[in-house]
Structures are given as structure tokens and as C-alpha cells.
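So the structure is just underneath, and the comments pick up after that.
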Amino acid sequence: MENLDLNRLPKHVAIIMDGNGRWAKEQGEDRLFGHYHGVASVRKVVEAATEIGIKYLTLYAFSTENWDRPAQEVTGLMTLFVDTIAKEVPDLHKNNIKLHFIGNLSMLPDEAKKALEDATQQTAQNTGLSLIIALSYSSRWELVEATKKIAEKVKNGEMSVDQITETTLSESLATSAFPDPELMIRTSGECRISNFLLFQLAYAELYFTDTRWPDFRKADLVKALLDYQSRERRFGKTSAQVQTNDI
Ligand code: IPE
Ligand code: IPE
Ligand code: MG
């Protein structure tokens, strides 16, 4: 932790929380046991991010594709989301954390929808860490929705085709209120993006660790941040240009 340069922290860290199922299997338990233990990691990482001074933390909790898992696992996860939100929101609120949810939330059961709306409303005035939970989220879904919004505007004469820019697209995404993540972490060994923030991660540093999500703690986050700080972010320029600050 003392080796972290607090002036060069990423503003926004995104995490694909993977490996709950494998972790549970390794303990001889069923998959939901892994998801329950994954909640402890969420709590620890949110605490650590707040303490370190990260401004935005996006956690991939459930993908559009995850709806195709066995019904028992999906139902168990929905119950876990509702229970966790009810249990954690008072503490999150006390810690000045602002909650956001991105994804196709219309697919969620009513009880979950209500819990998310209440949590969002309750923490809306907070000014500390923005905690963004991607739920029933997929990047291709988000891009299709953004395309529809832009097409509507063109159709209604609010903008012309020539006025469509990268900013237009960025502002039409579910993440329009947040800067792009500079660092994306995926746990549990898989080196893929799995339909997560495809547009927003264009220039993110990617960090993959074998650690299963239920084992992920503050020290693992710090390790990822140190790795991030050891990299030279060139954005297409040469190393010499970056080093002379000629950006
Ligand atoms: C991540 O862990 C949590 C969700 C996708 C909801 P997994 O459930 O994908 O765990 P593995 O990949 O099967 O180990
Ligand atoms: C990605 O994990 C989604 C979440 C972590 C919520 P998956 O475990 O569903 O991804 P794949 O299927 O292995 O790519
Ligand atoms: Mg997985």
C-alpha cells in the first residue's frame, strides 16, 4: 500500500468478479455458496476503494448471458442481490457511497427492481465513491440501446447524421455519467471481456489474476493498482513522446 502513488490512481476501476462457482466446487459446496462468499469480497473491495481514493468502481455482478444459467442458480442470485442490498445500503450510505445500476433492469424480478430503485434514490445525494453495479448487463445490449436513442434523435430532427461523434455515442451509453475505466480487473484466470464495457474499455489497462473472486481482498486490489502504475500508457504515441510529456 505504501508503494502506491496516490497521485496516479485510476479514477475508475472496473472488475469482472469471476470464479465463485469454481471456488465453491473446490470447497465441495454448491455454486450458490460461492456467490454468498463473493459478497464478502465486494464489501472488502468497496471499503478498500473508498480508503484508497478511487472515485468510480464498476462491478460486473450478472450478465445478460447469465440469465441462461440453471433456474435455481438464477433465482438464488436474485435473492442474494435483494438481501445484500437491503443489508448493505445503510452502511454504504453512511460511507457517502453513491449507488448506480446499469443493465437491462427491466428483466429483473419486481422485488429486485424495487430494491435497486430504493438504493439508488437513498444514496443519490452522496458525494464519495460512485459504486456502479452492472446487473443484467451486456455491452452489446447497451450499444444497441445507444444506437436506438441516436437514431430516434436523428429521426425527430434533433440532430443530423454528421453530428454523430464518439462523444454522442459515449453520452448515449448507460455509463454516460462516468469517465471510462482506466483499469479493468478480471479474477479467476479467464482472459476475456465477456461482453463487458466494450466501448468504454478501448484504452483501459487489463489485469488478469488467477485469484478466485471469493478470495479477492484489499491486498489483491493494491497489487492490481501497483501493476497499473508500472505500465506506460501511450495512447498511440511513442514512449519518447510520453516521457517528455509531449502528449
Ligand atoms: C462469477 O462467478 C459470478 C457470476 C457470473 C454471477 P461464476 O459463477 O462465473 O464462477 P465460475 O466462473 O463458474 O467459477
Ligand atoms: C462474466 O462472467 C459475468 C460476470 C462476472 C457477472 P461469466 O463467468 O459469466 O463469463 P464467461 O461465461 O466465463 O465468459
Ligand atoms: Mg465465470
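Residues in the C-alpha cells are named by chain (A, B, ... in the order shown) and by number from 1 within that chain; ligands are numbered from 1 in the order shown.
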Env. residues ligand 3 / 7 Å / only C-alpha atoms and all ligand atoms / as a PyMOL selection string: chain A and resi 18-19+21
Go through region 163-206 of chain A residue by residue and, counting only C-alpha atoms, keep those with an atom at most 12 Å from region 120-135 of chain A; for each kept residue give the shortest atom pair and its distance in Å to one decimal, ordered by chain and increasing number, as a tab-separated table.
```
residue	atom	partner	partner_atom	distance
A:Ala174	CA	A:Ala134	CA	9.8
A:Thr175	CA	A:Ile132	CA	8.9
A:Ser176	CA	A:Ile132	CA	12.0
A:Ala177	CA	A:Ser130	CA	10.2
A:Phe178	CA	A:Ser130	CA	8.8
A:Pro179	CA	A:Ser130	CA	11.1
A:Pro181	CA	A:Ile132	CA	11.6
A:Asn195	CA	A:Ala134	CA	11.3
A:Phe196	CA	A:Ala134	CA	8.8
A:Leu197	CA	A:Ala134	CA	9.7
```
Writer output for current selection, C-alpha atoms, as an mmCIF file, in the first residue's frame:
```cif
data_model
loop_
_atom_site.group_PDB
_atom_site.id
_atom_site.type_symbol
_atom_site.label_atom_id
_atom_site.label_comp_id
_atom_site.auth_asym_id
_atom_site.auth_seq_id
_atom_site.Cartn_x
_atom_site.Cartn_y
_atom_site.Cartn_z
ATOM 1 C CA ALA A 174 -25.653 3.615 -19.658
ATOM 2 C CA THR A 175 -22.297 4.857 -18.362
ATOM 3 C CA SER A 176 -22.714 8.415 -19.696
ATOM 4 C CA ALA A 177 -22.254 9.924 -16.225
ATOM 5 C CA PHE A 178 -18.906 8.208 -15.587
ATOM 6 C CA PRO A 179 -15.416 8.512 -17.083
ATOM 7 C CA PRO A 181 -12.302 2.914 -16.708
ATOM 8 C CA ASN A 195 -19.442 -8.603 -23.189
ATOM 9 C CA PHE A 196 -18.372 -6.021 -20.580
ATOM 10 C CA LEU A 197 -17.959 -2.288 -21.412
#
```
How close does each residue of chain A get to ligand 1, giving the shortest atom pair and distance in Å to one decimal for every residue with an atom at most 7 Å away, counting only C-alpha atoms and all ligand atoms, sorted by chain and residue number, as CSV?
```
residue,atom,partner,partner_atom_place_in_ligand_line,distance
A:Met17,CA,ligand 1,1 (C),5.3
A:Asp18,CA,ligand 1,1 (C),3.7
A:Gly19,CA,ligand 1,14 (O),3.3
A:Asn20,CA,ligand 1,10 (O),3.9
A:Gly21,CA,ligand 1,14 (O),3.6
A:Arg22,CA,ligand 1,14 (O),3.6
A:Trp23,CA,ligand 1,14 (O),6.2
A:Arg31,CA,ligand 1,8 (O),6.8
A:His35,CA,ligand 1,3 (C),6.5
A:Ala61,CA,ligand 1,6 (C),5.5
A:Phe62,CA,ligand 1,6 (C),4.8
A:Ser63,CA,ligand 1,5 (C),6.8
A:Asn66,CA,ligand 1,5 (C),6.4
```
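From CA of Leu59 (chain A) back to CA of Ser172 (chain A), the distance works out to 20.2 Å.
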Which polymer residues have any atom within 10 Å of an atom of region 143-153 of chain A, counting only C-alpha atoms, with same-chain residues fewer than 4 positions away left out, as a ChimeraX atom specification? /A:104,138-139,157-161,164,168-174,197-199
Just asking: which residues within region 30-217 of chain A are strand (DSSP E or B) according to DSSP, as a list of chain:residue names?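 Taking region 30-217 of chain A and keeping strand (DSSP E or B) gives A:Tyr56, A:Leu57, A:Thr58, A:Leu59, A:Tyr60, A:Ala61, A:Phe62, A:Ser63, A:Lys98, A:Leu99, A:His100, A:Phe101, A:Ile102, A:Ser130, A:Leu131, A:Ile132, A:Ile133, A:Ala134, A:Leu135, A:Ser136, A:Tyr137, A:Leu183, A:Met184, A:Ile185, A:Arg186, A:Glu205, A:Leu206, A:Tyr207, A:Phe208.
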Name the closest residue to ligand 2 among the candidates A:Tyr60, A:Phe33, A:Phe235, A:Trp141; distances are taken between atoms, counting only C-alpha atoms and all ligand atoms.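 Smallest distance to ligand 2 is found for A:Tyr60.
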Determine, counting only C-alpha atoms, which protein, DNA and RNA residues have an atom within 9 Å of an atom of Val42 (chain A); residues of the same chain fewer than 4 positions away are not included. Present the result as a CSV table (one decimal) with N, CA, C and O atoms, in the first residue's frame.
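The resulting part-v8.csv:
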```
chain,number,residue,atom,x,y,z
A,17,MET,N,-16.1,-9.9,-11.7
A,17,MET,CA,-15.9,-10.7,-10.5
A,17,MET,C,-16.2,-12.2,-10.9
A,17,MET,O,-17.3,-12.6,-10.9
A,38,GLY,N,-18.8,-14.5,-2.3
A,38,GLY,CA,-18.4,-13.4,-3.2
A,38,GLY,C,-18.8,-12.0,-2.6
A,38,GLY,O,-18.2,-11.0,-2.8
A,46,VAL,N,-15.0,-2.7,-1.8
A,46,VAL,CA,-15.6,-1.3,-1.8
A,46,VAL,C,-15.0,-0.5,-0.6
A,46,VAL,O,-14.6,0.7,-0.8
A,47,GLU,N,-14.7,-1.1,0.5
A,47,GLU,CA,-14.1,-0.4,1.6
A,47,GLU,C,-12.7,0.0,1.2
A,47,GLU,O,-12.3,1.2,1.4
A,59,LEU,N,-18.7,-2.9,-10.8
A,59,LEU,CA,-18.6,-4.3,-10.6
A,59,LEU,C,-19.6,-5.1,-11.5
A,59,LEU,O,-20.8,-4.7,-11.5
A,213,TRP,N,-12.7,-14.9,-7.2
A,213,TRP,CA,-13.4,-13.7,-6.6
A,213,TRP,C,-13.6,-13.8,-5.1
A,213,TRP,O,-13.3,-12.9,-4.3
A,214,PRO,N,-14.1,-15.0,-4.5
A,214,PRO,CA,-14.3,-15.0,-3.1
A,214,PRO,C,-13.0,-14.9,-2.3
A,214,PRO,O,-13.1,-14.6,-1.0
A,216,PHE,N,-10.6,-12.6,-3.2
A,216,PHE,CA,-10.0,-11.3,-3.6
A,216,PHE,C,-10.2,-10.3,-2.4
A,216,PHE,O,-11.3,-10.2,-1.9
A,217,ARG,N,-9.1,-9.7,-2.0
A,217,ARG,CA,-9.1,-8.8,-0.9
A,217,ARG,C,-8.4,-7.5,-1.2
A,217,ARG,O,-7.9,-7.3,-2.3
```
Taking only region 95-141 of chain A into account, list the residues labelled alpha helix (DSSP H) by DSSP (computed from the backbone), as a list in words. Asp110, Glu111, Ala112, Lys113, Lys114, Ala115, Leu116, Glu117, Asp118, Ala119, Thr120, Gln121, Gln122, Ser139, Arg140 and Trp141 of chain A
CA of Val45 (chain A) and CA of Arg231 (chain A) are how many Å apart? 22.3 Å
Pick the closest to Pro109 (chain A) from A:Ser41, A:Ser136, A:Asn95, A:Thr209: which is it, counting only C-alpha atoms?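 Closest to Pro109 (chain A), using only C-alpha atoms: A:Ser136.
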Calculated over only C-alpha atoms and all ligand atoms, which of the candidates A:Asn7, A:Thr50, A:Ser230, A:Thr64 has the smallest distance to ligand 2?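 Closest residue, counting only C-alpha atoms and all ligand atoms: A:Thr64.
Using only C-alpha atoms and all ligand atoms, the shortest contact distance between ligand 2 and any of A:Lys87, A:Arg69, A:Lys113, A:Arg234 is found at A:Arg69.
Pairwise distance (CA of Ile102 (chain A), CA of Leu6 (chain A)) equals 28.2 Å.
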Nearest to ligand 2 among A:Thr79, A:Pro90, A:Asp110, A:Glu65, with distances taken over only C-alpha atoms and all ligand atoms: which residue is it?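 When distances to ligand 2 are compared using only C-alpha atoms and all ligand atoms, the smallest one comes from A:Glu65.
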What lies within 12 Å of Asn3 (chain A) using only C-alpha atoms, ignoring chain neighbours under 5 positions off, as an mmCIF file with C-alpha atoms, in the first residue's frame?
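The result, stored in part_24.cif:
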```
data_model
loop_
_atom_site.group_PDB
_atom_site.id
_atom_site.type_symbol
_atom_site.label_atom_id
_atom_site.label_comp_id
_atom_site.auth_asym_id
_atom_site.auth_seq_id
_atom_site.Cartn_x
_atom_site.Cartn_y
_atom_site.Cartn_z
ATOM 1 C CA ARG A 8 -1.524 8.376 -10.257
ATOM 2 C CA LEU A 9 -4.528 6.327 -9.279
ATOM 3 C CA VAL A 222 -3.456 -2.899 -4.321
ATOM 4 C CA LYS A 223 -1.413 -5.397 -6.364
ATOM 5 C CA LEU A 225 -3.118 -0.873 -8.866
ATOM 6 C CA LEU A 226 0.666 -1.221 -8.498
ATOM 7 C CA ASP A 227 0.778 -3.204 -11.737
ATOM 8 C CA GLN A 229 1.154 2.182 -12.152
ATOM 9 C CA SER A 230 4.100 0.242 -13.558
#
```
